[in-house]
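Accompanying notes for the structure given below.
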Amino acid sequence: MATATPQGTVRQRNVGTSSKKNKDSASATSSDVELDKLVKASQAATASGSEREYKIVLVLITLLAFLTRFWGIHHPNEVVFDEVHFGKFASYYLEKTYFFDVHPPFGKLLFALMGWLVGYDGHFHFDNIGDSYIANKVPYVAFRSLPAILGALTVSVTYLIMWESGYSLPACIVAAGLILLDNAHIGQTRLILLDATLVFAMACSLLAYIKFYKLRHQPFSRKWWKWLILTGIALSCDISTKYVGLFAFITIGSAVIIDLWDLLDIKRPGGALTLPLFFKHFAARAFGLIIVPFFFYLFWFQVHFSILTRSGPGDDFMTPEFQETLSDNVMLANAITIDYYDSITIKHKETKAYLHSHEARYPLRYDDGRVSSQGQQVTGYPYNDTNNVWEILPAVQEEKKLGRHVRNHDLVRLRHVGTDTILLSHDVASPYYPTNQEFTTVSIADAYGNRAADTLFEVRIEGGKQNQEFKSVSSHFKFIHNPSKVAMWTHTTPLPDWGFKQQEINGNKQIAPSSNVWLVEDIPSLPADSPRRQKEERKVKTLPFFRKWFELQRSMFWHNNQLTSSHPYASAPWQWPFLLRGVSFWTQNDTRQQIYFVGNPIGWWIASSVLAIYAGIVLADQFSLRRGVDALDHRSRSRLYNSTGFFFLAWATHYFPFYVMGRQLFLHHYLPSHLASTLVTGALVEFIFSTDAAEHEANYQAIKAGKKAAVPKRHVTARERYAGQSMLGAWIATFVILGLVFAGWYFFLPLTYGYPGLTVEQVIRRKWLNYDLHFAK
């Protein structure tokens with residue numbers, strides 16, 4: 001039997017001569033006795049000691065977290081950055097007024113709950129950055145207290161993740177300290193923003209899963225089920241706050257897949273599982289981590305719909321059927337059935353531009369050399385104008401008969417009232433889209449002569465039924481050119497000077513997109529005292545929950561994907577680990593105070609460097625193993641790949657997906673990944689500066705060689721792993737790291753808390769990476 005080597009030495013695998021085959025039985029017995037003594041001594045030391053120091057440090061670090069998050073939380077006493085959005089949404093909840101947002105409702109509901117608890121009625125709508133909370137009597141400190149509480153608890157959860165994972169006290173302190181003293185985490189959790197809820201839920205999901213995984217040798221026990229369900233609930237809260245919470249599902253899901261793959265192994269150390277038992281494991285995880293989170297996710301939308309019962313600014317994002325479920329809705333009061341020969345104004349739902357025409361014509365040639373029809377221009381115009389008026393005519397020329405309703409799927413013509421011409425589309429390329437058809441107008445003689453087919457359009461009401469009446473405001477419709485089956489469409493790119501910078505109207509061959517939807521805003525030809533404008537009171541309608549939910553999901557995803565415009569403080573994912581860019585949240589010229597959202601550069605650079613070090617260690621270990629050199633003991637390698645690897649996986653799954661996103665991105669999107677990087681940092685501090693007890697490797701080698709019976713599987717604490725070993729190196733590293741991080745935190749505090757104001761020289765000193773700070777001149 002080969003002699004077990006402690007950590008720090010190198011074992012050669014399958015090279016050179018082998019160990020002696022035969023040994024004296026008395027010597028073997030003596031070796032076993034010694035191993036038993038070592039193990040028993042270690043267990044006795046563990047039993048006699050307590051984890052009191054872990055609990056004391058947890059209390060201290062939690063108190064410090066609350067202090068750093070709540071210090072000066074009343075400043076500034078005015079609206080800051082995105083408080084204009086999330087404060088506004090809380091007010092809408094309290095007023096029961098329907099609004100639209102691209103994020104799920106959970107985080108905003110928590111703000112509304114906080115407002116309700118302090119008796120706030122939602123009268124202030126957070127319209128502008130800089131609006132005074134004091135003058136408007138808003139309990140803003142109560143609102144800000146919610147993210148501050150969650151932000152402080154995130155520090156505690158980070159510490160608990162390391163503790164539950166069996167790391168030493170220095171490792172726990174390093175990981176939690178990097179969050180405690182991080183200016184970005186502090187800044188984001190002192191304002192009415194969603195990221196504190198998101199990061200806290202993400203951290204809780206990691207903690208709950210670790211607790212669940214530690215019970216893997218007690219499957220289907222009460223505690224096992226408890227932590228599985230709690231993991232699912234935390235994941236649900238994560239994705240119910242922002243959709244980037246999906247990345248936590250990828251993290252946990254990847255770990256679960258690896259776990260299930262190990263359970264499927266017929267040669268697994270704990271014995272092979274029967275297929276029915278394996279599928280029981282699979283079903284339990286699917287229930288706890290997919291079904292439970294999904295139903296919790298649905299629950300918050302049910303609460304959302306139950307509260308928001310009044311018409312509000314979010315109406316325009318929803319279909320007419322949805323809007324009719326809201327009280328005080330404009331459509332219920334203003335929808336008028338459209339008759340043939342009515343003069344109407346047609347507005348594009350997405351861009352709010354009116355269908356417009358004027359006597360100017362398309363140029364003979366466009367800038368790319370393509371030839372146009374030189375027909376009359378049809379454009380999109382964002383303002384009220386007499387050239388926005390069109391008369392709706394039946395498909396067949398007839399004697400004028402009033403009182404006949406236009407219905408869904410009717411074929412109609414549109415006459416431009418200002419120029420007395422008929423709308424037409426034909427097989428000529430539009431100005432900006434060679435694959436889309438041009439829209440123009442022709443004379444009435446041509447419209448009812450040789451161009452008759454090209455002037456026919458179908459009114460296709462969204463979600464409409466056969467013969468459904470076509471109504472103003474409430475009938476959202478697509479205007480389909482009958483011969484070619486293209487949909488009338490517009491976009492925001494302005495035409496050149498020849499088009500007066502108005503929007504292009506063209507025929508889109510892709511009919512399905514919601515960007516093809518229009519509505520009739522008004523009927524100018526209908527007198528104000530017309531009996532058709534007199535409406536009897538209508539009752540609020542109802543829709544099934546899932547129909548409302550699916551519609552809102554589609555709208556949220558679509559608008560989220562449209563957030564592609566540039567922003568002065570947007571940043572790219574490659575900039576985040578190095579903290580190359582921040583965000584200006586608030587400034588006050590008189591006092592030269594500012595809040596600039598940026599992390600603690602020293603802490604971020606340390607964490608990012610450690611990620612590279614971890615990847616290098618793993619690659620070096622794999623290279624060594626390929627060459628037959630075993631440089632690590634079993635337990636160190638297991639923790640390096642499994643525990644630290646899980647933290648690295650959490651960082652990667654929360655970071656790399658942003659590279660394929662086309663929407664606006666900001667530094668705060670990196671906060672979940674940054675938390676995961678601090679966990680890797682704490683784990684690497686222990687790995688590099690601590691030495692595992694030699695007797696554990698000796699015990700493992702004895703069991704592996706069959707010299708000793710395997711003991712039941714259980715979690716091994718840091719105290720057991722480092723029994724009798726010096727932790728001086730780890731403590732020194734901890735104090736050095738936190739000392740540097742504290743210096744960085746303190747230096748950037750005026751930018752995080754917004755006070756005191758800084759002189760020009762002081763501002764310039766803080767432009768480490770050319771941060772775009774204010775008052776540098």
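Here, A, B, ... name the chains of the structure tokens in the order displayed, residue numbers run from 1 inside each chain, and ligands are numbered from 1 in the same displayed order.
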Skipping near chain neighbours, those fewer than 6 positions away, what residues fall within 10 Å of A:Val141 using only C-alpha atoms, listed as a PDB file with N, CA, C and O atoms, in the first residue's frame?
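In the end it all went to out.pdb:
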```pdb
ATOM      1  N   PHE A  70     -28.033  51.990   6.033  1.00  0.00           N
ATOM      2  CA  PHE A  70     -28.997  52.965   6.543  1.00  0.00           C
ATOM      3  C   PHE A  70     -28.367  54.314   6.866  1.00  0.00           C
ATOM      4  O   PHE A  70     -29.090  55.277   7.110  1.00  0.00           O
ATOM      5  N   GLY A  72     -27.396  57.801   6.685  1.00  0.00           N
ATOM      6  CA  GLY A  72     -27.751  58.920   5.813  1.00  0.00           C
ATOM      7  C   GLY A  72     -28.740  58.565   4.726  1.00  0.00           C
ATOM      8  O   GLY A  72     -28.740  59.181   3.655  1.00  0.00           O
ATOM      9  N   ILE A  73     -29.619  57.608   4.991  1.00  0.00           N
ATOM     10  CA  ILE A  73     -30.548  57.149   3.947  1.00  0.00           C
ATOM     11  C   ILE A  73     -31.558  58.225   3.571  1.00  0.00           C
ATOM     12  O   ILE A  73     -32.189  58.160   2.514  1.00  0.00           O
ATOM     13  N   HIS A  74     -31.717  59.238   4.413  1.00  0.00           N
ATOM     14  CA  HIS A  74     -32.655  60.319   4.115  1.00  0.00           C
ATOM     15  C   HIS A  74     -32.117  61.271   3.058  1.00  0.00           C
ATOM     16  O   HIS A  74     -32.864  62.111   2.537  1.00  0.00           O
ATOM     17  N   HIS A  75     -30.829  61.136   2.737  1.00  0.00           N
ATOM     18  CA  HIS A  75     -30.222  62.044   1.755  1.00  0.00           C
ATOM     19  C   HIS A  75     -29.974  61.319   0.428  1.00  0.00           C
ATOM     20  O   HIS A  75     -29.483  60.185   0.427  1.00  0.00           O
ATOM     21  N   ASN A  77     -33.116  64.201  -0.258  1.00  0.00           N
ATOM     22  CA  ASN A  77     -34.560  64.167  -0.008  1.00  0.00           C
ATOM     23  C   ASN A  77     -35.347  64.531  -1.258  1.00  0.00           C
ATOM     24  O   ASN A  77     -36.342  65.247  -1.200  1.00  0.00           O
ATOM     25  N   TYR A 133     -39.198  65.334  -2.055  1.00  0.00           N
ATOM     26  CA  TYR A 133     -40.037  64.445  -1.258  1.00  0.00           C
ATOM     27  C   TYR A 133     -40.663  65.195  -0.080  1.00  0.00           C
ATOM     28  O   TYR A 133     -41.798  64.919   0.310  1.00  0.00           O
ATOM     29  N   ALA A 148     -32.812  48.719   1.594  1.00  0.00           N
ATOM     30  CA  ALA A 148     -31.702  48.767   2.542  1.00  0.00           C
ATOM     31  C   ALA A 148     -31.704  47.537   3.441  1.00  0.00           C
ATOM     32  O   ALA A 148     -30.650  46.953   3.728  1.00  0.00           O
ATOM     33  N   ARG A 190     -29.811  51.623  -1.326  1.00  0.00           N
ATOM     34  CA  ARG A 190     -30.242  52.766  -0.523  1.00  0.00           C
ATOM     35  C   ARG A 190     -31.310  53.581  -1.237  1.00  0.00           C
ATOM     36  O   ARG A 190     -31.728  54.620  -0.733  1.00  0.00           O
ATOM     37  N   LEU A 191     -31.736  53.125  -2.414  1.00  0.00           N
ATOM     38  CA  LEU A 191     -32.690  53.867  -3.220  1.00  0.00           C
ATOM     39  C   LEU A 191     -33.872  52.974  -3.596  1.00  0.00           C
ATOM     40  O   LEU A 191     -33.815  51.750  -3.435  1.00  0.00           O
ATOM     41  N   ILE A 192     -34.916  53.576  -4.113  1.00  0.00           N
ATOM     42  CA  ILE A 192     -36.135  52.832  -4.464  1.00  0.00           C
ATOM     43  C   ILE A 192     -35.905  52.146  -5.806  1.00  0.00           C
ATOM     44  O   ILE A 192     -36.381  52.588  -6.858  1.00  0.00           O
TER      45      ILE A 192
END
```
Near-A:Gln468 list (9 Å; only C-alpha atoms; drop same-chain fewer than 5 positions) as a list in words |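 My list of contacting residues is Val406, Arg407, Asn408, His409 and Ile461 of chain A.
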Shortest interatomic distance to A:Val80 - which of A:Leu423, A:Ile595, A:Phe648, A:Leu94, counting only C-alpha atoms =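 Ranking A:Leu423, A:Ile595, A:Phe648, A:Leu94 by distance to A:Val80, first place goes to A:Ile595.
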Write out as a ChimeraX atom specification each polymer residue whose atoms come within 7 Å of stretch 240-245 of chain A, counting only C-alpha atoms; drop sequence neighbours fewer than 5 positions from it.
-> /A:103-107,198,297
Would you mind listing what lies within 10 Å of A:Val610 as a PyMOL selection string, with only C-alpha atoms counted and same-chain residues fewer than 5 positions away left out?
-> chain A and resi 604-605+615-616+677-678+680-685
Identify, on the basis of only C-alpha atoms, every residue whose closest approach to stretch 493-508 of chain A does not exceed 8 Å; exclude the query and any residue fewer than 5 positions from it along the same chain; express the result as a PyMOL selection string.
-> chain A and resi 353+362-363+377-381+425+430-432+436-439+481+486-488+516
Same residues, N, CA and C atoms, saved as a PDB file, in the first residue's frame:
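Once written, out.pdb looks like this:
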```pdb
ATOM      1  N   ALA A 353     -47.941  57.760 -34.601  1.00  0.00           N
ATOM      2  CA  ALA A 353     -47.982  58.615 -35.791  1.00  0.00           C
ATOM      3  C   ALA A 353     -49.308  58.410 -36.521  1.00  0.00           C
ATOM      4  N   TYR A 362     -42.900  61.371 -54.203  1.00  0.00           N
ATOM      5  CA  TYR A 362     -41.631  60.669 -53.996  1.00  0.00           C
ATOM      6  C   TYR A 362     -40.641  61.098 -55.071  1.00  0.00           C
ATOM      7  N   PRO A 363     -39.352  61.175 -54.773  1.00  0.00           N
ATOM      8  CA  PRO A 363     -38.358  61.554 -55.794  1.00  0.00           C
ATOM      9  C   PRO A 363     -38.237  60.461 -56.857  1.00  0.00           C
ATOM     10  N   GLN A 377     -46.843  61.265 -51.848  1.00  0.00           N
ATOM     11  CA  GLN A 377     -46.284  60.696 -50.622  1.00  0.00           C
ATOM     12  C   GLN A 377     -47.390  60.350 -49.620  1.00  0.00           C
ATOM     13  N   VAL A 378     -47.231  59.176 -48.998  1.00  0.00           N
ATOM     14  CA  VAL A 378     -48.061  58.776 -47.854  1.00  0.00           C
ATOM     15  C   VAL A 378     -47.085  58.544 -46.706  1.00  0.00           C
ATOM     16  N   THR A 379     -47.267  59.273 -45.620  1.00  0.00           N
ATOM     17  CA  THR A 379     -46.291  59.261 -44.532  1.00  0.00           C
ATOM     18  C   THR A 379     -46.972  59.112 -43.183  1.00  0.00           C
ATOM     19  N   GLY A 380     -46.146  59.005 -42.153  1.00  0.00           N
ATOM     20  CA  GLY A 380     -46.622  59.042 -40.783  1.00  0.00           C
ATOM     21  C   GLY A 380     -46.261  60.365 -40.159  1.00  0.00           C
ATOM     22  N   TYR A 381     -47.254  61.054 -39.557  1.00  0.00           N
ATOM     23  CA  TYR A 381     -47.034  62.395 -39.015  1.00  0.00           C
ATOM     24  C   TYR A 381     -47.498  62.403 -37.555  1.00  0.00           C
ATOM     25  N   SER A 425     -51.453  50.692 -52.652  1.00  0.00           N
ATOM     26  CA  SER A 425     -50.145  50.059 -52.496  1.00  0.00           C
ATOM     27  C   SER A 425     -49.898  49.188 -53.714  1.00  0.00           C
ATOM     28  N   SER A 430     -40.437  50.351 -51.331  1.00  0.00           N
ATOM     29  CA  SER A 430     -40.585  51.543 -50.488  1.00  0.00           C
ATOM     30  C   SER A 430     -39.237  52.258 -50.354  1.00  0.00           C
ATOM     31  N   PRO A 431     -39.225  53.499 -49.876  1.00  0.00           N
ATOM     32  CA  PRO A 431     -37.961  54.266 -49.807  1.00  0.00           C
ATOM     33  C   PRO A 431     -36.855  53.590 -49.009  1.00  0.00           C
ATOM     34  N   TYR A 432     -37.184  53.030 -47.845  1.00  0.00           N
ATOM     35  CA  TYR A 432     -36.140  52.474 -46.985  1.00  0.00           C
ATOM     36  C   TYR A 432     -36.047  50.953 -47.013  1.00  0.00           C
ATOM     37  N   ASN A 436     -40.216  45.817 -48.991  1.00  0.00           N
ATOM     38  CA  ASN A 436     -41.573  46.246 -48.629  1.00  0.00           C
ATOM     39  C   ASN A 436     -42.176  47.104 -49.735  1.00  0.00           C
ATOM     40  N   GLN A 437     -43.497  47.102 -49.813  1.00  0.00           N
ATOM     41  CA  GLN A 437     -44.192  47.818 -50.887  1.00  0.00           C
ATOM     42  C   GLN A 437     -44.402  49.290 -50.546  1.00  0.00           C
ATOM     43  N   GLU A 438     -44.365  50.091 -51.583  1.00  0.00           N
ATOM     44  CA  GLU A 438     -44.620  51.526 -51.451  1.00  0.00           C
ATOM     45  C   GLU A 438     -46.112  51.781 -51.257  1.00  0.00           C
ATOM     46  N   PHE A 439     -46.438  52.784 -50.435  1.00  0.00           N
ATOM     47  CA  PHE A 439     -47.808  53.287 -50.297  1.00  0.00           C
ATOM     48  C   PHE A 439     -47.877  54.669 -50.940  1.00  0.00           C
ATOM     49  N   HIS A 481     -53.413  45.039 -47.379  1.00  0.00           N
ATOM     50  CA  HIS A 481     -53.629  45.271 -48.807  1.00  0.00           C
ATOM     51  C   HIS A 481     -54.136  43.982 -49.429  1.00  0.00           C
ATOM     52  N   VAL A 486     -49.985  42.436 -47.905  1.00  0.00           N
ATOM     53  CA  VAL A 486     -49.007  43.092 -47.031  1.00  0.00           C
ATOM     54  C   VAL A 486     -49.767  43.976 -46.052  1.00  0.00           C
ATOM     55  N   ALA A 487     -49.168  44.200 -44.885  1.00  0.00           N
ATOM     56  CA  ALA A 487     -49.811  45.005 -43.841  1.00  0.00           C
ATOM     57  C   ALA A 487     -49.230  46.413 -43.835  1.00  0.00           C
ATOM     58  N   MET A 488     -50.107  47.397 -43.710  1.00  0.00           N
ATOM     59  CA  MET A 488     -49.639  48.780 -43.606  1.00  0.00           C
ATOM     60  C   MET A 488     -48.814  48.928 -42.329  1.00  0.00           C
ATOM     61  N   ASN A 516     -47.682  46.160 -36.635  1.00  0.00           N
ATOM     62  CA  ASN A 516     -48.568  46.473 -37.762  1.00  0.00           C
ATOM     63  C   ASN A 516     -49.935  46.986 -37.308  1.00  0.00           C
TER      64      ASN A 516
END
```
Nearby residues (only C-alpha atoms) at most 12 Å from A:Ile606, same-chain spacing under 5 positions excluded, as a list in words |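 These residues fall inside the cut-off: Val174, Ala175, Leu178, Pro577, Phe578, Leu579, Asn600, Pro601, Leu611, Ala612, Ile613, His674, Ser677, Thr678, Val680, Thr681, Gly682, Leu684, Val685, Val736, Ile737, Leu738, Leu740, Val741 and Gly744 of chain A.
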Based on DSSP run over this structure's backbone, return all residues of stretch 425-639 of chain A in strand (DSSP E or B), as an NGL selection string.
-> :A and (425-429 or 437-443 or 457-461 or 469 or 471 or 477-481 or 487-494 or 503-508 or 518-522 or 583-588 or 593-597 or 629-630)
Extract the full set of helix (DSSP H, G or I) residues from stretch 333-452 of chain A according to DSSP on the backbone, and format it as a ChimeraX atom specification.
-> /A:333-334,386-388,444-447
If you keep all heavy atoms, can you produce a file of those selected residues as a CSV table (one decimal), in the first residue's frame?
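Wrote out-v7.csv, looks like this:
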```
chain,number,residue,atom,x,y,z
A,333,ALA,N,-66.0,54.8,-22.8
A,333,ALA,CA,-66.7,56.0,-22.9
A,333,ALA,C,-66.7,56.6,-24.3
A,333,ALA,O,-67.7,57.2,-24.8
A,333,ALA,CB,-66.1,57.1,-22.0
A,334,ASN,N,-65.6,56.3,-25.1
A,334,ASN,CA,-65.4,57.0,-26.4
A,334,ASN,C,-65.5,56.1,-27.6
A,334,ASN,O,-65.5,56.7,-28.7
A,334,ASN,CB,-64.1,57.7,-26.4
A,334,ASN,CG,-64.0,58.8,-25.3
A,334,ASN,OD1,-65.0,59.3,-24.9
A,334,ASN,ND2,-62.8,59.1,-24.9
A,386,THR,N,-54.9,68.6,-40.7
A,386,THR,CA,-56.1,68.3,-41.6
A,386,THR,C,-55.7,67.3,-42.7
A,386,THR,O,-56.6,66.6,-43.2
A,386,THR,CB,-56.5,69.6,-42.3
A,386,THR,OG1,-55.4,70.2,-43.0
A,386,THR,CG2,-57.0,70.6,-41.3
A,387,ASN,N,-54.4,67.1,-42.9
A,387,ASN,CA,-54.0,66.1,-43.9
A,387,ASN,C,-54.0,64.7,-43.3
A,387,ASN,O,-53.5,63.7,-44.0
A,387,ASN,CB,-52.7,66.4,-44.5
A,387,ASN,CG,-52.8,67.5,-45.6
A,387,ASN,OD1,-53.8,67.5,-46.3
A,387,ASN,ND2,-51.7,68.3,-45.8
A,388,ASN,N,-54.4,64.5,-42.1
A,388,ASN,CA,-54.5,63.2,-41.4
A,388,ASN,C,-55.9,62.6,-41.6
A,388,ASN,O,-56.2,61.5,-41.2
A,388,ASN,CB,-54.3,63.3,-39.9
A,388,ASN,CG,-52.9,63.8,-39.6
A,388,ASN,OD1,-52.0,63.8,-40.5
A,388,ASN,ND2,-52.7,64.3,-38.4
A,444,ILE,N,-59.3,59.4,-58.2
A,444,ILE,CA,-60.5,58.5,-58.0
A,444,ILE,C,-60.8,57.8,-59.3
A,444,ILE,O,-61.3,56.6,-59.3
A,444,ILE,CB,-61.7,59.5,-57.6
A,444,ILE,CG1,-61.5,60.0,-56.2
A,444,ILE,CG2,-63.0,58.7,-57.7
A,444,ILE,CD1,-62.6,61.0,-55.7
A,445,ALA,N,-60.6,58.4,-60.4
A,445,ALA,CA,-60.8,57.7,-61.7
A,445,ALA,C,-60.0,56.5,-61.8
A,445,ALA,O,-60.5,55.4,-62.2
A,445,ALA,CB,-60.6,58.7,-62.9
A,446,ASP,N,-58.7,56.6,-61.5
A,446,ASP,CA,-57.8,55.4,-61.6
A,446,ASP,C,-58.2,54.4,-60.5
A,446,ASP,O,-58.1,53.2,-60.8
A,446,ASP,CB,-56.4,55.8,-61.4
A,446,ASP,CG,-55.8,56.6,-62.6
A,446,ASP,OD1,-56.4,56.5,-63.7
A,446,ASP,OD2,-54.8,57.3,-62.4
A,447,ALA,N,-58.6,54.9,-59.3
A,447,ALA,CA,-59.0,54.0,-58.3
A,447,ALA,C,-60.2,53.1,-58.6
A,447,ALA,O,-60.2,51.9,-58.1
A,447,ALA,CB,-59.3,54.8,-57.0
```
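Remark: for A:Phe200, the closest of the candidate residues A:Pro483, A:Pro544, A:Gly151, A:Gly187 is A:Gly151 (distances computed over only C-alpha atoms).
Candidate residues A:Trp745, A:Phe301, A:Phe294, A:Tyr641 were compared for distance to A:Glu551, and the nearest is A:Phe301, using only C-alpha atoms.
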List the neighbours of A:Asp316 out to 12 Å using only C-alpha atoms; skip same-chain residues closer than 5 positions along the sequence, and give me the result as a PyMOL selection string.
-> chain A and resi 98-100+311+321-324+329-331+348-352+473-474+476+517-519+552+555
Selected residue, from A:Met318, A:Leu63, A:Leu632, A:Leu113, that lies nearest to A:Val618 when counting only C-alpha atoms =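 Of the candidates, the smallest distance to A:Val618 is held by A:Leu632.
Using only C-alpha atoms for every distance, the candidate list A:Ile523, A:Glu164, A:Gly119, A:Arg592 yields A:Arg592 as the residue closest to A:Pro756.
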At what distance in Å, to one decimal, does atom CA of A:Ala676 lie from atom CA of A:Trp651?
->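 So the answer is 5.0 Å.
When only C-alpha atoms are used to measure the gap to A:Ser643, the shortest distance among A:Ala234, A:Val412, A:Leu679, A:Ile229 belongs to A:Leu679.
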